[in-house]
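Please read the structure below before turning to the comments.
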Amino acid sequence: MSYRNSLEAKDKFVAPNPLPLLLFAVVLLSILALRLFSLQVLQYNDLLTESELRRFQPEVIEAPRGFIFDRNGQILAENQMSYSITIDPFERSFIETSVPRLASLVPNLPELLGVKADEMVDKVKDLSRRSSNPEKIISDADFHLLSIVEEYSNELPGFGATFDQLRSYPFGPMAAHIIGYMGELNRDEYGRLKGEGYGYGHSIGRLGIEKYYEGELKGENGFRYIERNYLSRRLGMTQEIEPLAPIPGRNVTLTLDSRLQMSAEEAFGDSILGSLVALDPRNGDVLVMASMPSFDPNEFIHSMTHERLFALQSDSKHPMYNRAIQAAYPPGSPFKVLTAIVGLENGIDPDTKFKSCHGVYFYGRPYKCWKEGGHGSLDMLGAITQSCNVYFYQLGRKLTIEKWQRYGDMFGFGKRTGIDISGENPGLYPTLDYYEKHKVDYSPGMMLNLSIGQGEILVTMLQLAHYAGVVGTAGLDAKPHLVLTGREEPKRVPDIAAETFEIVRQGMHGVVHSPRGTAKSARIKGHLIAGKTGTAQNPHGADHKLFMVFAPYENPTIAIACVAENAGDYQFSMAVRIVKQVLTDYFTYYPDNTVAVNDPGTL
Amino acid sequence: MTRELFRNLDYTLLFTLLFIMIAGIVIIHSASTGENESINEVWKRQIVWATFSLLTLLVILALPHKIFRAFAYILYGGGILLLIITQLYGTRGGGSERWLLLGPIRFQPSEFMKIATILALARYLSVKKNMPDSYVKCIVPFLIVAFPMLLVQMQPDLGTALVFAAISLPMLYWAGLDTVRLFFIVAPVLSALFTAPFIPFFNPIVWVAFMFVLLAVLFYSRYSFIGMGMNLGVNIFAGIAMPYVFNKLATYQQKRITTIFNPEQDALGSGYQIIHSKIAVGSGGLLGKGLDKGVFTDLGFLPHAHTDFIFSVVCEELGFLGALVILSAIFVLIYRALMIASEVKSPFMSIASAGIATVFAFHMFVNVGMVIGIMPVTGLPLPFLSYGGSSLLSNTIMIGLLLNFRIHRHEY
């Protein structure tokens with residue numbers, strides 16, 4: 001191929017028409033222009049919004065959580081400011097110098113960071129790698145530390161301070177099961193709830209009122225917008241998007257009376273396990289709900305460690321367990337009142353005296369009365385007052401389970417009361433269906449045990465207090481609740497004659513005020529009260545002691561049920577002693593509800 | 001000589017070149033002086049490269065026009081050698097060996113290989129007996145582009161490799177290949193694209209429809225039965241082989257190709273650039289946010305904003321109208337190249353000009369198409385706007401060639 005060759009071609013070569021190629025270029029240009037038009041003109045608004053969203057990131061302003069008050073306005077749960085020292089990951093390169101500088105200003109820095117002095121730099125570096133946001137390195141910082149970080153900020157690049165609202169429970173362990181506590185969201189919960197106003201590291205109510213009324217207490221978070229660059233580095237707050245102010249959570253006022261709650265918990269003392277529920281039978285207000293032992297919810301807010309949580313959960317005394325609603329016990333003698341009601345409603349004459357009690361009753365096998373030697377011949381009033389098993393064995397035999405079983409529902413046994421905290425145990429009120437379902441052959445002998453509150457039957461103290469209230473008010477059925485606004489119009493227990501209630505009420509009055517009553521030690525000078533003691537058999541140890549009362553006798557304004565676990569060996573009924581303490585304080589704090597009586601002992 | 005030079009200078013082309021160059025520096029300045037401090041100085045380097053490129057342009061204007069034809073094959077051979085050296089001793093940049101170090105300067109041989117290939121192909125086709133009036137005569141031209149194409153693809157740089165394929169067709173057409181043959185050469189490529197599993201709307205049904213068109217053209221061509229059968233066979237083979245070959249591609253290439261059509265699928269990986277680029281472009285609106293106010297690119301949300309994705313900065317900051325101005329300027333370059341191709345008397349200069357026009361058109365369409373999400377992410381720079389010395393220099397040299405050809409348009 002030579003240069004000269006092209007000269008031969010020169011005459012022949014005619015460039016083709018450039019128009020097709022030009023048109024092709026125009027088509028390409030048009031495709032680009034149309035697409036640009038579509039993006040920049042037609043989709044402009046969408047894509048602009050999209051670009052702002054990537055540039056401005058919303059940052060949650062947590063709404064202040066609602067307070068929890070008792071019925072008298074005492075603060076049970078509040079919020080406190082807590083300051084934390086943070087490290088900015090974008091200033092990581094200064095950590096080497098700024099940490100020793102801070103250590104020279106704050107001698108106990110290693111302690112605050114929880115490491116040895118020579119590990120501080122590494123610890124802070126590790127923490128700074130967690131995210132692109134300033135990371136907390138010291139929580140609950142005191143004002144001294146805070147002021148040092150602020151004052152020497154020039155020499156401490158990367159260090160900063162933030163504040164959070166921390167939940168605080170001024171009464172500590174008092175009513176901890178009812179008030180509840182807060183806990184940080186775990187990974188699953190965060191995934192589930194992040195669309196509903198919860199951010200990473202936010203807390204949620206974990207127990208009791210804090211949990212049940214989470215929606216009311218929480219409020220609605222606000223937002224401010226932070227401008228960020230491509231590395232997610234914060235460039236600061238923007239004024240371009242209006243921040244949204246948070247809506248504070250609503251306060252919740254409980255029906256609890258912290259004075260009575262305190263007196264109940266003090267009456268239990270440090271060694272006795274058990275629970276006490278006191279409520280107003282006229283409206284269902286729960287005045288006291290104590291479960292002992294308790295725990296300090298503040299621990300969960302500040303310093304909860306895995307070890308400590310494990311210790312709490314595996315403690316043999318189960319401090320986290322709300323014995324008032326989660327634990328169900330065989331009620332024992334307080335159930336004789338129900339057996340009596342069923343008898344009266346089924347035509348048994350209260351004056352009827354069954355076979356006299358000699359301490360034991362034979363029906364296929366011997367069934368014991370609690371009193372050795374027996375009570376002799378008793379009518380119904382006497383049988384309730386003296387709690388004679390033999391009388392109720394015979395009454396139960398006459399009634400049969402078919403008649404007895406339909407009264408459980410009326411008085412609220414075997415089902416949840418629907419109180420406004422979770423974890424309630426429905427208890428157990430056996431019926432023929434129940435025996436069939438659990439493949440237990442029902443025999444008439446079982447009715448003998450049921451009629452004195454033993455056997456399969458299980459009740460919670462909340463159910464028992466409610467039941468005492470229904471009996472005391474002669475049939476007023478008010479749904480128990482813990483929040484004042486939760487009051488509902490009380491119903492009436494259907495189809496039970498006023499006379500029936502009157503007889504059992506008198507029987508319960510006798511328990512305290514009759515010379516032969518089993519709870520004479522519960523008498524309080526100047527007041528008429530009615531109650532029923534009980535012993536719940538405990539296969540695992542000493543029996544549990546129970547006591548239920550309503551007072552004042554004529555016009556009850558309080559009903560109480562109490563269990564003292566493993567208290568069967570005490571000389572006096574521990575449950576009676578605890579209830580008496582609460583009642584005494586109640587009469588002091590609520591003098592209007594007192595009916596003065598000159599000589600209650602002889603009545 | 002000098003007077004002739006000034007009289008025959010294509011001032012439209014020259015001033016368009018200067019306009020785009022200055023616009024490029026301004027936009028690179030805006031794109032690089034943001035949050036990402038490591039690239040804050042690149043606009044200064046671009047000025048140095050632009051100055052050097054313009055000096056080179058003057059040298060090319062002064063050179064006798066015959067020298068380009070004379071040295072075409074030598075340049076081509078030297079280019080192939082450089083590509084092989086790059087392959088053996090090159091520096092990595094962006095995951096592939098594309099750079100050659102010349103002292104302090106990093107240099108991209110594939111950019112200059114484009115020019116060498118255009119010149120060599122133009123020289124070959126300008127010889128009368130090589131006029132591509134049959135399929136057989138297309139074989140040597142295809143080999144001329146195939147060597148550099150394969151070497152560049154080995155780097156691997158798919159985008160630049162495709163440039164070589166793209167320049168061959170218009171140059172063959174310009175050298176005399178008839179449209180029917182051109183159609184049958186392109187047809188297998190279309191067949192392959194229609195059955196490609198990664199392109200929406202294209203599917204075997206479209207391909208079957210295309211086969212009917214092919215049959216109609218075959219009928220019109222009055223080819224022998226053997227010729228018709230071979231054409232048909234090649235197209236059927238291409239259509240069937242495409243899905244098979246796609247599955248054999250490197251994963252990163254598959255990903256690059258698939259994510260363009262559904263970038264959200266891989267929003268943090270290969271779709272990231274496309275999504276952010278589209279957002280940056282769209283948020284510019286009709287008039288743009290103003291120079292240096294392109295927050296989206298300034299805050300660094302868009303990687304490669306000063307190089308491959310420079311056009312999204314144009315779109316965000318200067319808006320739809322600004323983007324149209326830049327596109328129009330590039331179009332003027334293409335238009336002038338085609339006009340020069342039909343003006344010059346020398347077949348060599350004419351065919352080479354057509355090749356240069358193709359390079360600019362291909363770069364414009366593939367790069368801008370990538371930025372606005374209708375073409376795959378191939379890493380092809382936008383001429384005169386993307387930051388990069390080799391690209392700027394080689395593009396300026398091509399404009400210099402066009403200017404030189406125009407001056408000597410009456411000569412052979």
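Just remember, in the structure tokens the first chain shown is A, the second B, etc., residues are 1-based per chain, and ligands are 1-based in the order shown.
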Find the spatial neighbours of stretch 56-65 of chain B, counting only C-alpha atoms, within a cut-off of 7 Å - ignore same-chain residues fewer than 5 positions away - and output them as a VMD selection string.
-> chain B and resid 396 to 397 400 to 401 403 to 405 408
Quick one: everything within 7 Å of A:Glu214, counting only C-alpha atoms, minus sequence neighbours fewer than 4 positions away in the same chain. Send it as an MDAnalysis selection string.
-> chainID A and resid 205 210 218
In Å to one decimal, how far is atom CA of A:Glu554 from atom CA of A:Met289?
-> 24.3 Å
Test item: chain B residues at most 8 Å from chain A, counting only C-alpha atoms, as a PyMOL selection string | chain B and resi 35+70+126-128+170+174-176+278-286+296+299-302+319-320+324+327+331+334-335+338-339+341-342+345-347+350+361+365+368-369+372+412
Let me see the file: selected residues, C-alpha atoms, as an mmCIF file, in the first residue's frame.
data_model
loop_
_atom_site.group_PDB
_atom_site.id
_atom_site.type_symbol
_atom_site.label_atom_id
_atom_site.label_comp_id
_atom_site.auth_asym_id
_atom_site.auth_seq_id
_atom_site.Cartn_x
_atom_site.Cartn_y
_atom_site.Cartn_z
ATOM 1 C CA GLU B 35 -17.501 18.139 51.107
ATOM 2 C CA ALA B 70 1.584 8.839 6.354
ATOM 3 C CA SER B 126 -9.355 5.383 1.421
ATOM 4 C CA VAL B 127 -7.536 3.056 -0.971
ATOM 5 C CA LYS B 128 -9.790 2.432 -3.919
ATOM 6 C CA PRO B 170 -20.273 4.785 10.048
ATOM 7 C CA TRP B 174 -18.792 6.556 4.579
ATOM 8 C CA ALA B 175 -16.279 4.527 2.597
ATOM 9 C CA GLY B 176 -18.986 3.058 0.412
ATOM 10 C CA LYS B 278 -31.336 10.488 38.519
ATOM 11 C CA ILE B 279 -32.328 12.321 41.696
ATOM 12 C CA ALA B 280 -29.626 14.929 41.175
ATOM 13 C CA VAL B 281 -30.688 15.432 37.561
ATOM 14 C CA GLY B 282 -34.412 15.638 38.375
ATOM 15 C CA SER B 283 -33.958 17.959 41.343
ATOM 16 C CA GLY B 284 -32.321 20.493 39.029
ATOM 17 C CA GLY B 285 -35.619 21.260 37.370
ATOM 18 C CA LEU B 286 -35.976 23.634 34.463
ATOM 19 C CA PHE B 296 -26.763 16.987 46.078
ATOM 20 C CA LEU B 299 -22.499 17.215 49.662
ATOM 21 C CA GLY B 300 -20.888 14.281 47.958
ATOM 22 C CA PHE B 301 -23.919 12.055 47.588
ATOM 23 C CA LEU B 302 -22.845 11.342 44.051
ATOM 24 C CA GLY B 319 -31.264 22.695 34.945
ATOM 25 C CA PHE B 320 -32.916 21.368 31.828
ATOM 26 C CA LEU B 324 -29.713 21.407 26.548
ATOM 27 C CA LEU B 327 -25.820 18.883 24.618
ATOM 28 C CA PHE B 331 -24.058 18.355 18.813
ATOM 29 C CA ILE B 334 -20.764 16.334 15.668
ATOM 30 C CA TYR B 335 -22.502 18.430 13.024
ATOM 31 C CA LEU B 338 -19.996 15.509 9.473
ATOM 32 C CA MET B 339 -19.972 18.680 7.384
ATOM 33 C CA ALA B 341 -16.450 14.889 6.231
ATOM 34 C CA SER B 342 -18.581 15.803 3.231
ATOM 35 C CA LYS B 345 -11.852 16.156 -1.096
ATOM 36 C CA SER B 346 -9.380 13.633 0.317
ATOM 37 C CA PRO B 347 -11.072 10.270 0.990
ATOM 38 C CA SER B 350 -13.329 12.479 4.806
ATOM 39 C CA ALA B 361 -21.821 11.021 19.249
ATOM 40 C CA PHE B 365 -25.145 9.226 24.051
ATOM 41 C CA VAL B 368 -25.473 11.155 29.182
ATOM 42 C CA GLY B 369 -27.664 8.063 28.801
ATOM 43 C CA ILE B 372 -30.071 9.803 33.214
ATOM 44 C CA TYR B 412 -5.863 15.399 -1.548
#
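The list of residues with at least one atom within 12 Å of B:Ala250, based on only C-alpha atoms and without residues fewer than 5 positions apart in the same chain, reads Pro156, Leu158, Val245, Lys255, Arg256 and Ile257 of chain B.
Close contacts of stretch 156-159 of chain A, defined as residues with an atom at most 6 Å away when counting only C-alpha atoms, with chain neighbours fewer than 3 positions off set aside, comprise Thr86, Ile87, Asp88, Glu91, Ser98 and Ser153 of chain A.
The spacing separating atom CA of A:Gln405 from atom CA of A:Val342 amounts to 9.4 Å.
Nearest to A:Thr588 of all the residues A:Ile209, A:Arg259, A:Ala176, A:Glu266 is A:Arg259, based on only C-alpha atoms.
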Please provide as number ranges by chain all residues within 8 Å of A:Val579, with the sequence filter that same-chain residues fewer than 3 positions apart are discarded (counting only C-alpha atoms).
-> A: 264, 276, 522, 547, 560-562, 575-576, 582-583
Okay, now the selection with C-alpha atoms, as a PDB file, in the first residue's frame?
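Once written, out_8.pdb looks like this:
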ATOM      1  CA  ALA A 264     -49.460  -2.519 103.491  1.00  0.00           C
ATOM      2  CA  LEU A 276     -52.715  -7.577  99.515  1.00  0.00           C
ATOM      3  CA  ALA A 522     -58.693  -7.891 113.699  1.00  0.00           C
ATOM      4  CA  PHE A 547     -57.891 -13.013 105.194  1.00  0.00           C
ATOM      5  CA  ILE A 560     -59.436  -6.250 101.276  1.00  0.00           C
ATOM      6  CA  ALA A 561     -57.956  -9.624 100.521  1.00  0.00           C
ATOM      7  CA  CYS A 562     -54.562 -10.650 101.756  1.00  0.00           C
ATOM      8  CA  ALA A 575     -52.697 -12.064 107.155  1.00  0.00           C
ATOM      9  CA  VAL A 576     -55.105 -10.721 109.796  1.00  0.00           C
ATOM     10  CA  VAL A 582     -54.005  -1.279 106.541  1.00  0.00           C
ATOM     11  CA  LEU A 583     -57.562  -0.880 107.848  1.00  0.00           C
TER      12      LEU A 583
END
Would you kindly return, as a ChimeraX atom specification, each protein, DNA or RNA residue with an atom no farther than 8 Å from any atom of B:Thr16, considering only C-alpha atoms and excluding same-chain residues fewer than 2 positions away?
-> /B:12-14,18-20,329,332-333
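Taking only C-alpha atoms, the non-local environment of A:Thr431 within 10 Å (same-chain residues fewer than 3 positions away omitted) comprises A:Ile401, A:Glu402, A:Trp404, A:Gln405, A:Arg406, A:Gly408, A:Gly414, A:Leu428, A:Tyr434, A:Tyr435, A:Glu436, A:Lys437, A:Tyr442, A:Ile457.
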For the residues in the current selection, export N, CA and C atoms as a PDB file, in the first residue's frame.
ATOM      1  N   ILE A 401     -72.526 -30.398  92.770  1.00  0.00           N
ATOM      2  CA  ILE A 401     -71.733 -29.459  91.944  1.00  0.00           C
ATOM      3  C   ILE A 401     -72.581 -28.798  90.866  1.00  0.00           C
ATOM      4  N   GLU A 402     -73.622 -29.461  90.389  1.00  0.00           N
ATOM      5  CA  GLU A 402     -74.462 -28.865  89.346  1.00  0.00           C
ATOM      6  C   GLU A 402     -75.013 -27.509  89.793  1.00  0.00           C
ATOM      7  N   TRP A 404     -73.856 -25.690  92.419  1.00  0.00           N
ATOM      8  CA  TRP A 404     -72.775 -24.841  92.927  1.00  0.00           C
ATOM      9  C   TRP A 404     -72.021 -24.150  91.785  1.00  0.00           C
ATOM     10  N   GLN A 405     -71.842 -24.856  90.657  1.00  0.00           N
ATOM     11  CA  GLN A 405     -70.898 -24.384  89.627  1.00  0.00           C
ATOM     12  C   GLN A 405     -71.316 -23.083  88.957  1.00  0.00           C
ATOM     13  N   ARG A 406     -72.639 -22.791  88.925  1.00  0.00           N
ATOM     14  CA  ARG A 406     -73.018 -21.607  88.145  1.00  0.00           C
ATOM     15  C   ARG A 406     -72.810 -20.285  88.899  1.00  0.00           C
ATOM     16  N   GLY A 408     -69.917 -19.359  90.331  1.00  0.00           N
ATOM     17  CA  GLY A 408     -68.544 -18.859  90.181  1.00  0.00           C
ATOM     18  C   GLY A 408     -68.492 -17.660  89.253  1.00  0.00           C
ATOM     19  N   GLY A 414     -62.708 -17.789  88.268  1.00  0.00           N
ATOM     20  CA  GLY A 414     -62.398 -18.565  87.066  1.00  0.00           C
ATOM     21  C   GLY A 414     -62.294 -17.716  85.818  1.00  0.00           C
ATOM     22  N   LEU A 428     -59.068 -20.558  88.804  1.00  0.00           N
ATOM     23  CA  LEU A 428     -59.780 -21.762  88.349  1.00  0.00           C
ATOM     24  C   LEU A 428     -60.991 -22.002  89.237  1.00  0.00           C
ATOM     25  N   TYR A 434     -65.160 -28.754  83.228  1.00  0.00           N
ATOM     26  CA  TYR A 434     -63.717 -28.731  83.489  1.00  0.00           C
ATOM     27  C   TYR A 434     -63.212 -30.139  83.762  1.00  0.00           C
ATOM     28  N   TYR A 435     -63.947 -30.879  84.627  1.00  0.00           N
ATOM     29  CA  TYR A 435     -63.494 -32.236  84.957  1.00  0.00           C
ATOM     30  C   TYR A 435     -63.495 -33.118  83.716  1.00  0.00           C
ATOM     31  N   GLU A 436     -64.519 -32.928  82.896  1.00  0.00           N
ATOM     32  CA  GLU A 436     -64.600 -33.724  81.680  1.00  0.00           C
ATOM     33  C   GLU A 436     -63.407 -33.430  80.763  1.00  0.00           C
ATOM     34  N   LYS A 437     -63.151 -32.149  80.643  1.00  0.00           N
ATOM     35  CA  LYS A 437     -62.083 -31.719  79.739  1.00  0.00           C
ATOM     36  C   LYS A 437     -60.720 -32.236  80.204  1.00  0.00           C
ATOM     37  N   TYR A 442     -65.236 -37.110  88.100  1.00  0.00           N
ATOM     38  CA  TYR A 442     -65.826 -36.356  89.204  1.00  0.00           C
ATOM     39  C   TYR A 442     -66.532 -37.333  90.137  1.00  0.00           C
ATOM     40  N   ILE A 457     -59.812 -25.667  93.103  1.00  0.00           N
ATOM     41  CA  ILE A 457     -60.149 -24.247  93.007  1.00  0.00           C
ATOM     42  C   ILE A 457     -58.954 -23.326  93.293  1.00  0.00           C
TER      43      ILE A 457
END
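Assigned to strand (DSSP E) in stretch 501-546 of chain A, given DSSP computed from backbone atoms, are Ala530, Gly531, Lys532, Thr533, Gly534, Thr535, Ala536, His544, Lys545 and Leu546 of chain A.
In this model, the gap between atom CA of B:Tyr124 and atom CA of B:Phe112 comes to 18.5 Å.
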Enumerate, as a PyMOL selection string, the complete set of residues in stretch 246-352 of chain B that a backbone-based DSSP assignment places in alpha helix (DSSP H).
-> chain B and resi 246-248+251-261+271-284+295-298+310-343+347-352
Would you export the selected residues with C-alpha atoms as a compact mmCIF listing (two decimals), in the first residue's frame, please?
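Heads up, here's the output in selection.txt:
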# COMPACT_ATOMS: atom_id res chain seq x y z
CA PHE B 246 -24.99 -13.21 29.39
CA ASN B 247 -24.90 -15.89 32.04
CA LYS B 248 -21.19 -16.34 31.38
CA THR B 251 -20.75 -10.80 37.88
CA TYR B 252 -19.82 -7.12 38.05
CA GLN B 253 -20.64 -6.70 34.40
CA GLN B 254 -23.94 -8.55 34.74
CA LYS B 255 -24.72 -6.40 37.74
CA ARG B 256 -23.87 -3.19 35.94
CA ILE B 257 -26.11 -4.17 33.07
CA THR B 258 -29.04 -5.46 35.12
CA THR B 259 -29.14 -2.76 37.77
CA ILE B 260 -29.56 0.00 35.27
CA PHE B 261 -33.02 -1.22 34.49
CA GLY B 271 -27.64 0.96 41.72
CA TYR B 272 -26.48 3.66 44.10
CA GLN B 273 -24.89 5.86 41.47
CA ILE B 274 -27.79 5.55 39.07
CA ILE B 275 -30.44 6.35 41.68
CA HIS B 276 -28.53 9.31 43.04
CA SER B 277 -27.68 10.55 39.59
CA LYS B 278 -31.34 10.49 38.52
CA ILE B 279 -32.33 12.32 41.70
CA ALA B 280 -29.63 14.93 41.18
CA VAL B 281 -30.69 15.43 37.56
CA GLY B 282 -34.41 15.64 38.38
CA SER B 283 -33.96 17.96 41.34
CA GLY B 284 -32.32 20.49 39.03
CA VAL B 295 -26.23 20.54 47.13
CA PHE B 296 -26.76 16.99 46.08
CA THR B 297 -23.48 16.73 44.27
CA ASP B 298 -21.70 19.21 46.55
CA ILE B 310 -20.24 15.38 35.50
CA PHE B 311 -23.41 15.74 33.47
CA SER B 312 -25.58 15.24 36.54
CA VAL B 313 -23.86 18.29 38.04
CA VAL B 314 -24.73 20.20 34.86
CA CYS B 315 -28.35 19.05 35.21
CA GLU B 316 -28.63 19.79 38.92
CA GLU B 317 -26.99 23.19 38.84
CA LEU B 318 -27.95 24.48 35.41
CA GLY B 319 -31.26 22.70 34.94
CA PHE B 320 -32.92 21.37 31.83
CA LEU B 321 -32.03 24.46 29.81
CA GLY B 322 -28.38 24.33 30.84
CA ALA B 323 -28.24 20.64 29.96
CA LEU B 324 -29.71 21.41 26.55
CA VAL B 325 -27.09 24.10 25.93
CA ILE B 326 -24.26 21.66 26.72
CA LEU B 327 -25.82 18.88 24.62
CA SER B 328 -26.34 21.31 21.76
CA ALA B 329 -22.70 22.39 21.94
CA ILE B 330 -21.58 18.76 21.64
CA PHE B 331 -24.06 18.36 18.81
CA VAL B 332 -22.43 21.29 17.02
CA LEU B 333 -19.12 19.41 17.20
CA ILE B 334 -20.76 16.33 15.67
CA TYR B 335 -22.50 18.43 13.02
CA ARG B 336 -19.34 20.25 12.04
CA ALA B 337 -17.42 16.94 11.88
CA LEU B 338 -20.00 15.51 9.47
CA MET B 339 -19.97 18.68 7.38
CA ILE B 340 -16.18 18.57 7.17
CA ALA B 341 -16.45 14.89 6.23
CA SER B 342 -18.58 15.80 3.23
CA GLU B 343 -16.58 18.94 2.38
CA PRO B 347 -11.07 10.27 0.99
CA PHE B 348 -8.71 9.72 3.94
CA MET B 349 -9.67 13.01 5.60
CA SER B 350 -13.33 12.48 4.81
CA ILE B 351 -13.54 8.97 6.29
CA ALA B 352 -11.47 9.99 9.33
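Minimum atom-to-atom distances from B:Tyr135, B:Leu88, B:Thr51, B:Lys293 to B:Gly227 were compared using only C-alpha atoms, and the lowest value belongs to B:Tyr135.
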Nearest to A:Ile95, restricted to only C-alpha atoms and choosing among A:Ile75, A:Leu217, A:Leu378, A:Val124, comes out as A:Val124
